[in-house]
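I have placed the structure first, in the form of C-alpha cells, so that the comments after it can refer back to it.
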Amino acid sequence: MNTPDPTNELPGTLRWQLRALRQDATPSHDLWPGIATRLAVQQPVRRPQRWLRPVALVASLVLAIGTVGWFARTNDGITGSSNPTLVQREAEGLTLQYQAALQEVQAPTPASLKPTVEALERDAALIRAALARDPDSVRLLEQLRRTYAHRLALAQRVVYT
Amino acid sequence: MLTAVMPIQTDSSPEAGTDDERTLVGAAARGEMAAFEALYRRHAGRIHGVIARLVGSHGSRAEDLTQDAFVRAWQALPAFRFESAFGTWLHRLAVNTALMDLRSRKSRPQDDGDEDAFEALGAPDSAGHGTALSMDLERAVASLPPRARAVLVLYDVEGWQHDEIAAELGMAVGSSKAQLHRARHLLRDRLEAHA
C-alpha cells in the first residue's frame, strides 16, 4: 500500500484520472516483423534442461563402459601377474563411475521396477565377487559392464518419466 | 489519499497464468518463434502502453523500446521459472527497458521535459470534454522532466511502492519521494495553467 504524504496529496479526481491512464496503447504499426528479424539473427541462450544432465552422464558412462570392455578384450592375454590385474582395475573404475552416475540420477525407483533393480544390484555384487576370485576374466568384466549398463538404462527411464 | 485507491492488479491480462499461457511460454523458451509471436500479440498493447507513459511519447522512441523489451524477453525467457505470472515478469522487464533508456539520456541537457507536449496542453479535442481532460492529463504527464515523470508514472499510475521505484531507478527512497513531490507540483501547475 502506498504511503500517504500529507504535504503533497493529489485531489481525489486527479488521483483517479492518473490511475485511469493505465491503459493499453497500440503501436502505430505492427512491431512483430522488426522483432522477428532481430530474433532471427540471434539465438537466445538456452540452458540445458536439468534432467538432461544425468541422462547425458548415463549415456556417456554406458559408452565409456563399452569402450573399457573393448579395451579389456583387446588386451586379454597380455596382462602380467601384477596385483590388481588390468581387468580388476577396469572393474573398479567401472564401479566407481557407475556409482557416481547413479548418484547423479537420484530419482526414486517406482515400485514396478524395484524387483528388477534389486536383482541387477545383486547380480553386480555376485559378479564383483567372482572377479575377485578370477581377476583376469574378461567374460566377467563384460557381464559386469552389461549389468551396470542395464541398471543405468533403468535409471534413465525413470528420469525420462 | 492514495491509500484509498484500490490496489492495482499488476497482471490484468485475462489469459495470464493460464495453462495456455504457460504452454506458449514454455514453447517460446525452447526457441519456438511462433509461440513467442502469440505472446507478443497478447501483451504488446500493455507493454507499449507502459513504455509510452514512461518515456512520455507514443512515437518511434516508445515503439523502438517496445521492440527492445520483447527482444530482451526472448533472450531472458529460458531463465523464467514462473515465480510470477509471465505478464508481470514481462511488464517489469518493459519498465526496466524504458528506465535504462531514461538513464542513458540523463546527461542530455535538453531532456528536461517535453516542451512540445507542454505546448500541446489544452488543445481542442472534438471527442468531448472527458476525453479532452484525459488527453490534457496525458500530455501534462508527458511534459514532465524524465525522472520526475518516471516516478510519477510508476507511483501514481502503475501503483508501485517507493522502495521498488528507488531500486529500479538506482536512487534512494528519499529521492523517489522527492521526485514524486516535484512531479505532482509540476503536474498541478501545468494543468492549472491550461485550465
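All residue names refer to the C-alpha cells as shown: chains lettered A, B, ... in order, residues numbered from 1 in each chain, ligands numbered from 1 in order.
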> Can you list, as a VMD selection string, every protein, DNA or RNA residue that comes within 12 Å of Ala69 in chain B when you count only C-alpha atoms, leaving out same-chain residues fewer than 4 positions away?
Replying inline: (chain A and resid 31 to 32 35 38) or (chain B and resid 40 43 to 44 46 to 48 50 to 51 62 to 65 73 to 77 89 to 101)
> Hey, can you check how far CA of Gly56 in chain B sits from CA of Phe80 in chain B?
Replying inline: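 CA of Phe80 in chain B lies at a distance of 29.2 Å from CA of Gly56 in chain B.
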> Neighbours of Pro84 in chain A within 10 Å (only C-alpha atoms; same-chain residues fewer than 5 positions away dropped), as a list in words?
Replying inline: Arg89, Glu90, Glu92, Ala132, Pro135 and Asp136 of chain A
Using only C-alpha atoms, please write the residues we just selected to a file, as a JSON list (two decimals), in the first residue's frame.
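Result file again-v1.json:
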```
[["chain", "number", "residue", "atom", "x", "y", "z"],
["A", 89, "ARG", "CA", 41.39, -52.19, -12.31],
["A", 90, "GLU", "CA", 38.87, -51.76, -15.11],
["A", 92, "GLU", "CA", 36.99, -50.97, -10.10],
["A", 132, "ALA", "CA", 37.88, -61.20, -7.03],
["A", 135, "PRO", "CA", 40.84, -61.49, -11.64],
["A", 136, "ASP", "CA", 41.67, -61.98, -15.35]]
```
Within 7 Å of chain A: residues of chain B, using only C-alpha atoms, as a PDB file with C-alpha atoms, in the first residue's frame:
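Ended up saving to selection.pdb:
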```pdb
ATOM      1  CA  MET B   1      -5.287   9.948  -0.455  1.00  0.00           C
ATOM      2  CA  LEU B   2      -3.591   7.154  -2.284  1.00  0.00           C
ATOM      3  CA  THR B   3      -4.285   4.607   0.398  1.00  0.00           C
ATOM      4  CA  GLY B  45      -0.619  -3.264 -26.120  1.00  0.00           C
ATOM      5  CA  ARG B  46       0.042  -3.368 -22.391  1.00  0.00           C
ATOM      6  CA  HIS B  48       3.718  -0.463 -25.337  1.00  0.00           C
ATOM      7  CA  GLY B  49       1.328   1.419 -23.042  1.00  0.00           C
ATOM      8  CA  GLU B  63       7.972   1.729 -30.341  1.00  0.00           C
ATOM      9  CA  GLN B  67      10.743  -3.871 -29.649  1.00  0.00           C
ATOM     10  CA  VAL B  71      13.865  -8.945 -27.757  1.00  0.00           C
ATOM     11  CA  TRP B  74      13.125 -13.606 -25.757  1.00  0.00           C
ATOM     12  CA  GLN B  75      16.710 -13.693 -24.521  1.00  0.00           C
ATOM     13  CA  PRO B  78      14.931 -19.645 -20.739  1.00  0.00           C
ATOM     14  CA  ASP B 156       0.514   7.234  -9.318  1.00  0.00           C
ATOM     15  CA  VAL B 157      -0.329   5.302 -12.487  1.00  0.00           C
ATOM     16  CA  GLU B 158       1.266   1.861 -12.125  1.00  0.00           C
ATOM     17  CA  GLN B 161       5.974   1.412  -3.996  1.00  0.00           C
ATOM     18  CA  HIS B 181       6.684  15.631  -4.774  1.00  0.00           C
TER      19      HIS B 181
END
```
